[in-house]
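Participant: The structure's right below; bear with me while I get my questions together.
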Amino acid sequence: MSRIRILDPRVADRIAAGEVVERPASVVKELIENSLDAGARAITVEIEASGSGLIRVSDDGMGMDPDDAVLALRRFATSKIGAAEDLERIATYGFRGEALPSIAAVSRLTLTTRPPGAEAGTRVESEGGASLRASAAGTAPGTVVAVESLFLNTPARRKFLKSPAREFALIVETVQRLALAAPAVSFRVRHAQRETAAYAAADPQERLAQILGRDLAGAMAPLRGEARGVTVTGWTVRPERARPGRPAEYLYVNRRPIQSRLLSRAVHQGYAELLPVGLAPVVVLMLDVDAAEVDVNIHPRKQEVRFSDEHRIFGVVQRAVREALLAPGSIRHVPELPTAALPDALVAAVAEQTPPYAAAGSVAPSLAPAAAQGTGRLPTLRPLGQILRTYLLAEAPDGLVLIDQHAAHERILYERLLGDAARGGTSQTLTAPVPVDLSAEERGVLDEFLPASERLGFALQPFGGSTLLVRAIPAALRAQPPDRLLHRALAALLEPRNGNDALARLAIATACHTAVRAGDALTFEEMTALLSDLAATEDPFTCFHGRPTMVWVSRPTLERWFLRR
């Protein structure tokens, strides 16, 4: 007797439904995508019992005639592809012909539809994928799909659903993601006879504010990038407004909401050294690419895609995010000090016009005025003094700025080191070579360290056993003791770090350990040089750890402190 058998169609239908219909939000996604493909301009989603009782999606799209309405519930029936070649250029949300029959297989489904201009509509009813009934019906132009008793014949699936509140939250999130992709379409969500969300048709910027809130939307930088047929648009949150928790990523390929590790990595790489540890970005990223260069047919729910040229996609996304975050902007992008009591130290510095601390010796020999001109990312800053030997106080055209001298100098040295490395390294030759003994751990990372150290400007030579001769060090760090500098650089490769770029890790370590520190007194000349050098950096607003280098006190805030408004 044969052990292999053909599955009963009802069993096969339930298996297929399990791949497409994971939870109520999956049903909402598939039905809204069908509405968008039908040219709908207004979509209403009605929910009862968090989707387990009822999901009704109504639209004003093109509707269907009676024959098409019946065929729509047959497996592999679709109007969106006609030949195998069409799979190479998918330009619609749906195309598999599985959504409606899969949903019908695990629910009681009623499809009511009418094309514009038709005298009457059509109603098709199904229960558990069987007992199709079609009849004439009075209805407005468009389509209404009502899904009741979801998972009625697959009770095991119900046990894996989350709480009703969480399931409804996932439905709203699904609607929001699709609403961001189609700003010209209006969306309404009703739950238990009460309207819980309404998004009027709008331009993309207004739709962003509708979904994310005006405060967060106002803190997002527009992004745009283009390279060889790939276009990236959208918005990404400025680092100072990033929030703790998981990233909020709204990723789209040709307006299709997707999940993509590749795009997520590209976004995070764009934030490299700009985002403090523990904070996550918020990004809305629209990727437009030739349909022939993306495979959307690799996931039953169409949530993942595959690109023919991943390297190009990664590069254009990473650059677009980076350029958006580093675009010239106002000092108002710097975090503003809350309106509160004026700190005593700031009062003293302003009221007494205390002169800066006199340095007994130059504690920051690498703070010589830079020849590079400012990038325009900072306005003119006039140093007023030093507070607690840690923060510089400077006057801006529209307020005051407090600068963390250590974080600011870290950014200056880091970019100077990488800039020198890009030009082949700038070295300061030592008068006499300095021998440095290495530990066994340090010797273990030499193969990784030596090429990167040479690019930074080190000149090292084996001197027998575990000893290296240091003949030159990076010019930007010429005042540092060579032995201590070398040990700190090697330690950077021994510690766990994010990323695998040895050059960047060495630059971070050396800049961190050689920058002026809290407690170092600076002269006025050194303060002026530090601010000038900071203005010449690519990103003067954060150190490479993502911490802010400065906070801003606006003129209106100052006036409120002194009761002038």
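Convention: chains lettered A, B, ... in structure tokens order; per-chain residue numbering from 1; ligands numbered from 1 as shown.
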Extract, using only C-alpha atoms, all DNA, RNA and protein residues at most 8 Å from Ala120 of chain A, discarding same-chain residues fewer than 5 positions from it, and format them as an NGL selection string.
Facilitator: :A and (114 or 136-139)
Participant: Residues at most 8 Å from segment 225-233 of chain A, counting only C-alpha atoms, excluding those fewer than 4 positions away in the same chain, as a PyMOL selection string?
Facilitator: chain A and resi 285-290+312-313+316-317+319-320
Participant: With N, CA and C atoms retained, could you export that selection as a short mmCIF file (atom, residue, chain, number, x, y, z; two decimals), in the first residue's frame?
Facilitator:
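And here's again_27.cif as it stands now:
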data_model
loop_
_atom_site.label_atom_id
_atom_site.label_comp_id
_atom_site.auth_asym_id
_atom_site.auth_seq_id
_atom_site.Cartn_x
_atom_site.Cartn_y
_atom_site.Cartn_z
N LEU A 285 11.65 54.85 5.05
CA LEU A 285 12.55 54.74 3.90
C LEU A 285 11.82 54.12 2.73
N MET A 286 11.71 54.90 1.65
CA MET A 286 11.05 54.46 0.42
C MET A 286 12.12 54.18 -0.63
N LEU A 287 12.25 52.93 -1.01
CA LEU A 287 13.24 52.53 -2.01
C LEU A 287 12.51 52.22 -3.32
N ASP A 288 12.88 52.93 -4.36
CA ASP A 288 12.30 52.68 -5.68
C ASP A 288 13.38 52.10 -6.58
N VAL A 289 13.09 50.92 -7.13
CA VAL A 289 14.08 50.21 -7.94
C VAL A 289 13.33 49.52 -9.07
N ASP A 290 14.01 49.30 -10.17
CA ASP A 290 13.40 48.60 -11.30
C ASP A 290 12.83 47.26 -10.81
N ARG A 312 24.94 47.59 -4.15
CA ARG A 312 24.51 48.90 -4.61
C ARG A 312 23.38 49.44 -3.74
N ILE A 313 22.41 48.58 -3.41
CA ILE A 313 21.29 49.00 -2.57
C ILE A 313 21.79 49.45 -1.21
N VAL A 316 23.59 52.98 -1.45
CA VAL A 316 22.77 54.17 -1.67
C VAL A 316 21.92 54.49 -0.44
N VAL A 317 21.45 53.47 0.29
CA VAL A 317 20.67 53.71 1.51
C VAL A 317 21.56 54.28 2.61
N ARG A 319 24.36 55.93 2.37
CA ARG A 319 24.77 57.30 2.05
C ARG A 319 23.62 58.28 2.22
N ALA A 320 22.41 57.89 1.81
CA ALA A 320 21.26 58.78 1.93
C ALA A 320 20.98 59.12 3.39
#
Participant: Give the answer as one residue: which of A:Ala184, A:Val237, A:Ala40, A:Cys512 has the shortest atom-to-atom distance to Ala219 of chain A, using only C-alpha atoms?
Facilitator: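 Of the candidates, the smallest distance to Ala219 of chain A is held by A:Val237.
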Participant: Find the residue from A:Ala521, A:Ala408, A:Val57, A:Val27 that sits nearest to Ile103 of chain A; use only C-alpha atoms when measuring.
Facilitator: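 When distances to Ile103 of chain A are compared using only C-alpha atoms, the smallest one comes from A:Val27.
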Participant: Within 7 Å of Ser50 of chain A, counting only C-alpha atoms, which residues qualify if same-chain residues fewer than 5 places away don't, as JSON, numbers by chain?
Facilitator: {"A": [164, 167, 168]}
Participant: Limited to N, CA and C atoms, could you put the picked residues into a file as a PDB file, in the first residue's frame?
Facilitator:
ATOM      1  N   PRO A 164      -5.866  40.646  23.297  1.00  0.00           N
ATOM      2  CA  PRO A 164      -6.693  41.440  22.375  1.00  0.00           C
ATOM      3  C   PRO A 164      -6.120  42.835  22.118  1.00  0.00           C
ATOM      4  N   GLU A 167      -3.165  42.489  19.734  1.00  0.00           N
ATOM      5  CA  GLU A 167      -3.580  42.160  18.370  1.00  0.00           C
ATOM      6  C   GLU A 167      -4.164  43.381  17.671  1.00  0.00           C
ATOM      7  N   PHE A 168      -4.949  44.180  18.414  1.00  0.00           N
ATOM      8  CA  PHE A 168      -5.493  45.374  17.791  1.00  0.00           C
ATOM      9  C   PHE A 168      -4.392  46.383  17.484  1.00  0.00           C
TER      10      PHE A 168
END
